[in-house]
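Q: One file is attached below, run28.pdb, containing PDB, C-alpha atoms, pLDDT in the B column.
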```
ATOM      1  CA  MET D   1     302.400-170.093 246.034  1.00 55.00           C
ATOM      2  CA  LYS D   2     302.289-169.376 242.346  1.00 62.00           C
ATOM      3  CA  LEU D   3     298.909-169.122 240.618  1.00 64.00           C
ATOM      4  CA  TRP D   4     298.400-170.921 237.377  1.00 67.00           C
ATOM      5  CA  LYS D   5     297.830-168.590 234.488  1.00 65.00           C
ATOM      6  CA  SER D   6     295.959-169.809 231.453  1.00 64.00           C
ATOM      7  CA  PRO D   7     297.723-169.311 228.176  1.00 66.00           C
ATOM      8  CA  SER D   8     296.255-166.492 226.173  1.00 68.00           C
ATOM      9  CA  LEU D   9     295.718-166.487 222.491  1.00 65.00           C
ATOM     10  CA  PRO D  10     298.087-164.378 220.467  1.00 69.00           C
ATOM     11  CA  ALA D  11     296.752-160.974 219.600  1.00 68.00           C
ATOM     12  CA  ALA D  12     295.167-160.577 216.197  1.00 70.00           C
ATOM     13  CA  PRO D  13     297.236-158.630 213.692  1.00 81.00           C
ATOM     14  CA  GLN D  14     296.531-154.911 213.619  1.00 84.00           C
ATOM     15  CA  ALA D  15     295.186-155.094 210.055  1.00 84.00           C
ATOM     16  CA  TRP D  16     292.540-157.643 211.086  1.00 86.00           C
ATOM     17  CA  THR D  17     291.498-155.649 214.106  1.00 86.00           C
ATOM     18  CA  SER D  18     291.138-152.405 212.149  1.00 88.00           C
ATOM     19  CA  ALA D  19     289.242-154.177 209.329  1.00 88.00           C
ATOM     20  CA  ARG D  20     286.834-155.678 211.843  1.00 88.00           C
ATOM     21  CA  GLN D  21     286.269-152.300 213.475  1.00 90.00           C
ATOM     22  CA  ARG D  22     285.598-150.645 210.093  1.00 91.00           C
ATOM     23  CA  ALA D  23     283.156-153.400 209.150  1.00 88.00           C
ATOM     24  CA  SER D  24     281.385-152.996 212.495  1.00 89.00           C
ATOM     25  CA  ARG D  25     281.069-149.236 211.988  1.00 91.00           C
ATOM     26  CA  GLU D  26     279.732-149.718 208.448  1.00 89.00           C
ATOM     27  CA  TRP D  27     277.245-152.309 209.719  1.00 89.00           C
ATOM     28  CA  GLN D  28     275.975-149.877 212.366  1.00 90.00           C
ATOM     29  CA  ARG D  29     275.441-147.174 209.709  1.00 91.00           C
ATOM     30  CA  LEU D  30     273.122-149.415 207.709  1.00 88.00           C
ATOM     31  CA  ALA D  31     269.386-149.160 208.246  1.00 91.00           C
ATOM     32  CA  PRO D  32     267.703-152.270 209.713  1.00 91.00           C
ATOM     33  CA  ARG D  33     266.178-153.056 206.313  1.00 94.00           C
ATOM     34  CA  GLU D  34     269.620-152.870 204.665  1.00 91.00           C
ATOM     35  CA  GLN D  35     271.083-155.056 207.420  1.00 90.00           C
ATOM     36  CA  ARG D  36     268.430-157.710 206.667  1.00 93.00           C
ATOM     37  CA  LEU D  37     269.176-157.521 202.920  1.00 93.00           C
ATOM     38  CA  VAL D  38     272.927-157.852 203.493  1.00 92.00           C
ATOM     39  CA  SER D  39     272.316-160.771 205.862  1.00 93.00           C
ATOM     40  CA  LEU D  40     270.064-162.434 203.289  1.00 95.00           C
ATOM     41  CA  ALA D  41     272.682-161.905 200.544  1.00 94.00           C
ATOM     42  CA  ALA D  42     275.362-163.408 202.817  1.00 93.00           C
ATOM     43  CA  LEU D  43     273.075-166.380 203.511  1.00 95.00           C
ATOM     44  CA  VAL D  44     272.449-166.946 199.788  1.00 95.00           C
ATOM     45  CA  ALA D  45     276.182-166.653 199.025  1.00 94.00           C
ATOM     46  CA  GLY D  46     276.969-169.092 201.852  1.00 93.00           C
ATOM     47  CA  ALA D  47     274.377-171.574 200.579  1.00 93.00           C
ATOM     48  CA  ALA D  48     275.800-171.310 197.046  1.00 92.00           C
ATOM     49  CA  LEU D  49     279.316-171.848 198.353  1.00 92.00           C
ATOM     50  CA  LEU D  50     278.168-174.839 200.417  1.00 91.00           C
ATOM     51  CA  TRP D  51     276.471-176.314 197.338  1.00 89.00           C
ATOM     52  CA  MET D  52     279.555-175.825 195.155  1.00 90.00           C
ATOM     53  CA  LEU D  53     282.016-177.256 197.671  1.00 90.00           C
ATOM     54  CA  ALA D  54     280.036-179.987 199.424  1.00 88.00           C
ATOM     55  CA  PHE D  55     276.964-181.157 197.532  1.00 88.00           C
ATOM     56  CA  GLU D  56     277.673-180.640 193.823  1.00 89.00           C
ATOM     57  CA  PRO D  57     280.722-182.962 193.675  1.00 89.00           C
ATOM     58  CA  ALA D  58     278.777-185.698 195.450  1.00 87.00           C
ATOM     59  CA  TRP D  59     275.781-185.162 193.149  1.00 87.00           C
ATOM     60  CA  ASN D  60     277.998-185.406 190.060  1.00 89.00           C
ATOM     61  CA  THR D  61     279.567-188.611 191.384  1.00 89.00           C
ATOM     62  CA  VAL D  62     276.138-190.187 191.912  1.00 88.00           C
ATOM     63  CA  GLN D  63     275.033-189.202 188.397  1.00 89.00           C
ATOM     64  CA  THR D  64     278.222-190.610 186.854  1.00 89.00           C
ATOM     65  CA  LEU D  65     277.827-193.881 188.732  1.00 87.00           C
ATOM     66  CA  ARG D  66     274.160-194.103 187.729  1.00 87.00           C
ATOM     67  CA  ASP D  67     275.174-193.720 184.081  1.00 86.00           C
ATOM     68  CA  ARG D  68     277.906-196.373 184.378  1.00 89.00           C
ATOM     69  CA  LEU D  69     275.786-198.961 186.218  1.00 86.00           C
ATOM     70  CA  PRO D  70     274.219-200.573 183.092  1.00 84.00           C
ATOM     71  CA  GLN D  71     277.664-200.907 181.515  1.00 86.00           C
ATOM     72  CA  LEU D  72     279.020-202.537 184.658  1.00 86.00           C
ATOM     73  CA  ARG D  73     276.078-204.935 184.771  1.00 84.00           C
ATOM     74  CA  ALA D  74     276.669-205.959 181.158  1.00 83.00           C
ATOM     75  CA  GLN D  75     280.348-206.507 181.900  1.00 86.00           C
ATOM     76  CA  SER D  76     279.375-208.558 184.937  1.00 85.00           C
ATOM     77  CA  ALA D  77     277.112-210.726 182.779  1.00 82.00           C
ATOM     78  CA  GLN D  78     279.939-211.279 180.296  1.00 82.00           C
ATOM     79  CA  LEU D  79     282.289-212.189 183.132  1.00 85.00           C
ATOM     80  CA  ASP D  80     279.700-214.630 184.523  1.00 82.00           C
ATOM     81  CA  THR D  81     279.510-216.242 181.087  1.00 77.00           C
ATOM     82  CA  ILE D  82     283.270-216.630 180.901  1.00 81.00           C
ATOM     83  CA  LEU D  83     283.394-218.076 184.415  1.00 81.00           C
ATOM     84  CA  THR D  84     280.629-220.535 183.521  1.00 76.00           C
ATOM     85  CA  GLU D  85     282.558-221.639 180.444  1.00 73.00           C
ATOM     86  CA  ILE D  86     285.703-222.075 182.534  1.00 77.00           C
ATOM     87  CA  ARG D  87     283.825-224.229 185.059  1.00 75.00           C
ATOM     88  CA  GLU D  88     282.360-226.325 182.238  1.00 67.00           C
ATOM     89  CA  LEU D  89     285.762-226.836 180.656  1.00 69.00           C
ATOM     90  CA  GLN D  90     287.241-227.825 184.010  1.00 70.00           C
ATOM     91  CA  ALA D  91     284.360-230.258 184.609  1.00 63.00           C
ATOM     92  CA  GLY D  92     284.730-231.709 181.115  1.00 57.00           C
ATOM     93  CA  THR D  93     281.304-230.611 179.857  1.00 51.00           C
ATOM     94  CA  THR D  94     280.885-228.241 176.966  1.00 49.00           C
ATOM     95  CA  SER D  95     277.176-228.295 176.217  1.00 53.00           C
ATOM     96  CA  GLY D  96     276.428-225.411 178.583  1.00 56.00           C
ATOM     97  CA  ALA D  97     272.686-225.937 178.244  1.00 67.00           C
ATOM     98  CA  LEU D  98     270.671-225.306 181.365  1.00 73.00           C
ATOM     99  CA  PRO D  99     268.248-227.930 182.592  1.00 79.00           C
ATOM    100  CA  VAL D 100     264.691-226.926 181.649  1.00 81.00           C
ATOM    101  CA  ALA D 101     263.683-226.576 185.305  1.00 82.00           C
ATOM    102  CA  GLU D 102     266.440-224.026 185.973  1.00 84.00           C
ATOM    103  CA  VAL D 103     265.683-221.707 183.035  1.00 86.00           C
ATOM    104  CA  PRO D 104     262.970-219.520 184.681  1.00 88.00           C
ATOM    105  CA  ALA D 105     265.131-218.860 187.748  1.00 88.00           C
ATOM    106  CA  ALA D 106     268.174-218.194 185.552  1.00 88.00           C
ATOM    107  CA  LEU D 107     266.150-215.776 183.401  1.00 90.00           C
ATOM    108  CA  GLU D 108     264.876-213.908 186.457  1.00 91.00           C
ATOM    109  CA  ASP D 109     268.397-213.724 187.889  1.00 89.00           C
ATOM    110  CA  SER D 110     269.722-212.436 184.565  1.00 89.00           C
ATOM    111  CA  LEU D 111     266.961-209.796 184.417  1.00 91.00           C
ATOM    112  CA  ARG D 112     267.761-208.754 187.983  1.00 91.00           C
ATOM    113  CA  ARG D 113     271.449-208.303 187.169  1.00 89.00           C
ATOM    114  CA  ALA D 114     270.485-206.214 184.113  1.00 89.00           C
ATOM    115  CA  GLY D 115     268.297-203.990 186.304  1.00 90.00           C
ATOM    116  CA  LEU D 116     265.059-205.137 184.659  1.00 90.00           C
ATOM    117  CA  ASP D 117     263.517-207.148 187.499  1.00 89.00           C
ATOM    118  CA  ALA D 118     260.978-204.407 188.316  1.00 91.00           C
ATOM    119  CA  THR D 119     259.759-204.119 184.723  1.00 90.00           C
ATOM    120  CA  ALA D 120     259.918-207.741 183.497  1.00 92.00           C
ATOM    121  CA  THR D 121     258.043-210.959 184.250  1.00 91.00           C
ATOM    122  CA  VAL D 122     258.915-214.476 183.102  1.00 92.00           C
ATOM    123  CA  SER D 123     256.333-217.138 182.270  1.00 90.00           C
ATOM    124  CA  GLN D 124     256.617-220.527 180.588  1.00 88.00           C
ATOM    125  CA  ALA D 125     254.808-220.573 177.219  1.00 87.00           C
ATOM    126  CA  THR D 126     255.537-224.169 176.198  1.00 88.00           C
ATOM    127  CA  PRO D 127     257.705-226.856 177.794  1.00 85.00           C
ATOM    128  CA  ASP D 128     260.756-225.487 175.945  1.00 85.00           C
ATOM    129  CA  THR D 129     259.980-221.758 175.533  1.00 90.00           C
ATOM    130  CA  TRP D 130     259.497-218.893 177.948  1.00 91.00           C
ATOM    131  CA  ASP D 131     257.897-215.477 177.550  1.00 93.00           C
ATOM    132  CA  VAL D 132     259.537-212.409 179.031  1.00 93.00           C
ATOM    133  CA  HIS D 133     256.977-209.604 179.272  1.00 94.00           C
ATOM    134  CA  LEU D 134     258.340-206.076 179.590  1.00 93.00           C
ATOM    135  CA  ASN D 135     256.348-203.105 180.860  1.00 92.00           C
ATOM    136  CA  GLU D 136     257.919-199.648 180.478  1.00 90.00           C
ATOM    137  CA  ALA D 137     261.443-201.083 180.621  1.00 91.00           C
ATOM    138  CA  PRO D 138     264.398-198.775 179.878  1.00 91.00           C
ATOM    139  CA  VAL D 139     265.767-199.308 176.362  1.00 90.00           C
ATOM    140  CA  SER D 140     269.496-199.526 177.076  1.00 90.00           C
ATOM    141  CA  PRO D 141     269.364-202.317 179.699  1.00 90.00           C
ATOM    142  CA  VAL D 142     266.899-204.293 177.516  1.00 91.00           C
ATOM    143  CA  LEU D 143     269.212-204.154 174.511  1.00 90.00           C
ATOM    144  CA  GLN D 144     272.246-205.055 176.602  1.00 89.00           C
ATOM    145  CA  TRP D 145     270.338-207.963 178.185  1.00 89.00           C
ATOM    146  CA  LEU D 146     269.296-209.232 174.747  1.00 89.00           C
ATOM    147  CA  GLN D 147     272.884-208.969 173.564  1.00 86.00           C
ATOM    148  CA  THR D 148     274.300-210.999 176.471  1.00 84.00           C
ATOM    149  CA  LEU D 149     271.484-213.585 176.682  1.00 84.00           C
ATOM    150  CA  PRO D 150     272.934-216.086 174.161  1.00 81.00           C
ATOM    151  CA  TYR D 151     276.320-216.043 175.927  1.00 77.00           C
ATOM    152  CA  GLU D 152     275.142-215.892 179.501  1.00 79.00           C
ATOM    153  CA  LEU D 153     272.376-218.517 179.451  1.00 81.00           C
ATOM    154  CA  ARG D 154     272.903-220.099 176.025  1.00 81.00           C
ATOM    155  CA  LEU D 155     269.343-219.219 175.045  1.00 85.00           C
ATOM    156  CA  ALA D 156     267.997-217.795 171.783  1.00 86.00           C
ATOM    157  CA  THR D 157     265.295-215.219 171.138  1.00 88.00           C
ATOM    158  CA  PRO D 158     263.266-216.539 168.193  1.00 90.00           C
ATOM    159  CA  GLN D 159     260.637-213.819 168.587  1.00 90.00           C
ATOM    160  CA  VAL D 160     260.901-210.248 169.868  1.00 91.00           C
ATOM    161  CA  GLU D 161     257.857-207.949 169.875  1.00 92.00           C
ATOM    162  CA  LEU D 162     258.776-204.621 171.415  1.00 91.00           C
ATOM    163  CA  ALA D 163     257.193-201.198 171.036  1.00 90.00           C
ATOM    164  CA  ARG D 164     257.571-197.820 172.666  1.00 90.00           C
ATOM    165  CA  ALA D 165     255.713-197.693 175.961  1.00 87.00           C
ATOM    166  CA  GLU D 166     252.715-195.374 176.291  1.00 87.00           C
ATOM    167  CA  ASN D 167     251.328-193.568 179.307  1.00 84.00           C
ATOM    168  CA  ALA D 168     247.663-193.523 180.354  1.00 84.00           C
ATOM    169  CA  GLU D 169     246.882-190.711 177.875  1.00 86.00           C
ATOM    170  CA  GLY D 170     248.359-192.691 174.976  1.00 84.00           C
ATOM    171  CA  ARG D 171     251.503-190.571 174.652  1.00 86.00           C
ATOM    172  CA  GLN D 172     254.702-192.465 173.921  1.00 86.00           C
ATOM    173  CA  LEU D 173     257.311-192.556 176.681  1.00 83.00           C
ATOM    174  CA  ALA D 174     260.817-191.747 175.521  1.00 85.00           C
ATOM    175  CA  GLY D 175     263.399-194.424 176.230  1.00 87.00           C
ATOM    176  CA  ARG D 176     260.881-197.010 177.467  1.00 89.00           C
ATOM    177  CA  LEU D 177     259.786-200.313 175.880  1.00 90.00           C
ATOM    178  CA  THR D 178     256.793-202.569 176.369  1.00 92.00           C
ATOM    179  CA  GLY D 179     256.339-205.957 174.766  1.00 93.00           C
ATOM    180  CA  ARG D 180     257.161-209.639 174.725  1.00 94.00           C
ATOM    181  CA  ILE D 181     260.338-211.624 174.103  1.00 92.00           C
ATOM    182  CA  VAL D 182     260.179-215.363 173.438  1.00 93.00           C
ATOM    183  CA  VAL D 183     263.187-217.221 174.804  1.00 91.00           C
ATOM    184  CA  ALA D 184     264.088-220.790 173.861  1.00 89.00           C
ATOM    185  CA  PHE D 185     267.013-223.165 173.580  1.00 83.00           C
ATOM    186  CA  PRO D 186     268.999-222.461 170.372  1.00 78.00           C
ATOM    187  CA  ASN D 187     267.767-225.622 168.643  1.00 66.00           C
ATOM    188  CA  GLU D 188     264.157-224.905 169.681  1.00 42.00           C
ATOM    189  CA  GLY D 189     261.644-222.412 168.261  1.00 42.00           C
ATOM    190  CA  GLY D 190     263.315-222.112 164.857  1.00 42.00           C
ATOM    191  CA  ALA D 191     266.449-220.365 166.155  1.00 40.00           C
TER     192      ALA D 191
END
```
Produce structure tokens that represent the structure in this file.

A:
Amino acid sequence: MKLWKSPSLPAAPQAWTSARQRASREWQRLAPREQRLVSLAALVAGAALLWMLAFEPAWNTVQTLRDRLPQLRAQSAQLDTILTEIRELQAGTTSGALPVAEVPAALEDSLRRAGLDATATVSQATPDTWDVHLNEAPVSPVLQWLQTLPYELRLATPQVELARAENAEGRQLAGRLTGRIVVAFPNEGGA
């Protein structure tokens, strides 16, 4: 009866074996303190290599996507406007005006798509006008939202009162706005 023999791994090349033996001898010559320092340096180098190969590319991708998100939201709002116009043309209506009862929900949905839902509130000022109050809202999404508002919802902004946001100590916050925007139908509120 023949015994089964497990396959063995091929022998390491002589150069690898001798290099490993030299490294082992050099390691044994080092004092324990030096061994700890070399181990710590190897750990730091390994962490840096791991960061450069695994985490940094992912981090850069997240940052790039975060920067592009407001642009994509604005493009989405423009596309929604075009789709709404297409539906109106297919249905034979061209007025595009929202019913008064649907305006607050449409405004809130528009603010959500612009990324302003956490910093904006909508309230009805008069039967045909609405106030959008902003509190420490980022500048870029606010300006993009204002730019797309007439096309997306067919609403005008007869009054805009915005100022730089301030913190509790009264210092101005860079890139943040606080204030009020009056929104109305284009033929209302003097627009």

Q: Counting only C-alpha atoms, which of D:Leu153, D:Ala47, D:Ala168, D:Ala174 gets nearest to Asp80 of chain D?

A: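 Residue with the minimum atom-to-atom distance to Asp80 of chain D: D:Leu153.
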
Q: (264.2, -207.7, 181.9) in this file's frame - what residues fall within 8 Å of it? Use all atoms listed in the file and give the answer as a list in words.

A: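 Checked against the point, the hits come out as Glu108, Ser110, Leu111, Arg112, Ala114, Gly115, Leu116, Asp117, Ala118, Thr119, Ala120, Thr121, Val132, His133, Leu134, Ala137, Pro141, Val142 and Trp145 of chain D.
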
Q: Please save C-alpha atoms of the selected residues as a short mmCIF file (atom, residue, chain, number, x, y, z; two decimals), in the coordinates of the input.

A:
```cif
data_model
loop_
_atom_site.label_atom_id
_atom_site.label_comp_id
_atom_site.auth_asym_id
_atom_site.auth_seq_id
_atom_site.Cartn_x
_atom_site.Cartn_y
_atom_site.Cartn_z
CA GLU D 108 264.88 -213.91 186.46
CA SER D 110 269.72 -212.44 184.56
CA LEU D 111 266.96 -209.80 184.42
CA ARG D 112 267.76 -208.75 187.98
CA ALA D 114 270.48 -206.21 184.11
CA GLY D 115 268.30 -203.99 186.30
CA LEU D 116 265.06 -205.14 184.66
CA ASP D 117 263.52 -207.15 187.50
CA ALA D 118 260.98 -204.41 188.32
CA THR D 119 259.76 -204.12 184.72
CA ALA D 120 259.92 -207.74 183.50
CA THR D 121 258.04 -210.96 184.25
CA VAL D 132 259.54 -212.41 179.03
CA HIS D 133 256.98 -209.60 179.27
CA LEU D 134 258.34 -206.08 179.59
CA ALA D 137 261.44 -201.08 180.62
CA PRO D 141 269.36 -202.32 179.70
CA VAL D 142 266.90 -204.29 177.52
CA TRP D 145 270.34 -207.96 178.18
#
```

Q: So how many Å separate atom CA of Asn135 of chain D and atom CA of Glu169 of chain D, to one decimal?

A: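 It comes out at 15.9 Å.
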
Q: When the PyMOL selection byres ((chain D and resi 104) around 12) is applied to the file above, which residues end up in the set, as an mmCIF file with C-alpha atoms, keeping the file's coordinate frame?

A:
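New file part-v4.cif:
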```
data_model
loop_
_atom_site.group_PDB
_atom_site.id
_atom_site.type_symbol
_atom_site.label_atom_id
_atom_site.label_comp_id
_atom_site.auth_asym_id
_atom_site.auth_seq_id
_atom_site.Cartn_x
_atom_site.Cartn_y
_atom_site.Cartn_z
ATOM 1 C CA LEU D 98 270.671 -225.306 181.365
ATOM 2 C CA PRO D 99 268.248 -227.930 182.592
ATOM 3 C CA VAL D 100 264.691 -226.926 181.649
ATOM 4 C CA ALA D 101 263.683 -226.576 185.305
ATOM 5 C CA GLU D 102 266.440 -224.026 185.973
ATOM 6 C CA VAL D 103 265.683 -221.707 183.035
ATOM 7 C CA ALA D 105 265.131 -218.860 187.748
ATOM 8 C CA ALA D 106 268.174 -218.194 185.552
ATOM 9 C CA LEU D 107 266.150 -215.776 183.401
ATOM 10 C CA GLU D 108 264.876 -213.908 186.457
ATOM 11 C CA ASP D 109 268.397 -213.724 187.889
ATOM 12 C CA SER D 110 269.722 -212.436 184.565
ATOM 13 C CA LEU D 111 266.961 -209.796 184.417
ATOM 14 C CA THR D 121 258.043 -210.959 184.250
ATOM 15 C CA VAL D 122 258.915 -214.476 183.102
ATOM 16 C CA SER D 123 256.333 -217.138 182.270
ATOM 17 C CA GLN D 124 256.617 -220.527 180.588
ATOM 18 C CA ALA D 125 254.808 -220.573 177.219
ATOM 19 C CA PRO D 127 257.705 -226.856 177.794
ATOM 20 C CA ASP D 128 260.756 -225.487 175.945
ATOM 21 C CA THR D 129 259.980 -221.758 175.533
ATOM 22 C CA TRP D 130 259.497 -218.893 177.948
ATOM 23 C CA ASP D 131 257.897 -215.477 177.550
ATOM 24 C CA VAL D 132 259.537 -212.409 179.031
ATOM 25 C CA LEU D 153 272.376 -218.517 179.451
ATOM 26 C CA LEU D 155 269.343 -219.219 175.045
ATOM 27 C CA VAL D 183 263.187 -217.221 174.804
ATOM 28 C CA ALA D 184 264.088 -220.790 173.861
#
```

Q: Could you work out how far atom CA of Leu146 of chain D lies from atom CA of Ile82 of chain D, giving the answer in Å with one decimal?

A: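 Atom-to-atom, atom CA of Ile82 of chain D and atom CA of Leu146 of chain D are spaced 17.0 Å apart.
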
Q: Check the smallest atom-to-atom distance from each of D:Leu177, D:Leu53, D:Ala31, D:Ala77 to Arg164 of chain D using all atoms listed in the file, then report the winner.

A: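 The closest residue to Arg164 of chain D is D:Leu177.
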
Q: Can you measure atom CA of Val182 of chain D to atom CA of Pro158 of chain D for me? One decimal in Å is fine.

A: 6.2 Å

Q: Determine the residue set returned by the PyMOL selection byres ((chain D and resi 70) around 8) for the present structure, and present it as number ranges by chain.

A: D: 66-69, 71-74, 114-115, 140-141

Q: Can you tell me, as number ranges by chain, what residues are no more than 7 Å from Glu161 of chain D when counting all atoms listed in the file, ignoring any on the same chain fewer than 2 positions away?

A: D: 159, 163, 179-181

Q: Find the residue from D:Ala165, D:Leu30, D:Leu149, D:Ala15 that sits nearest to Arg113 of chain D; use all atoms listed in the file when measuring.

A: D:Leu149
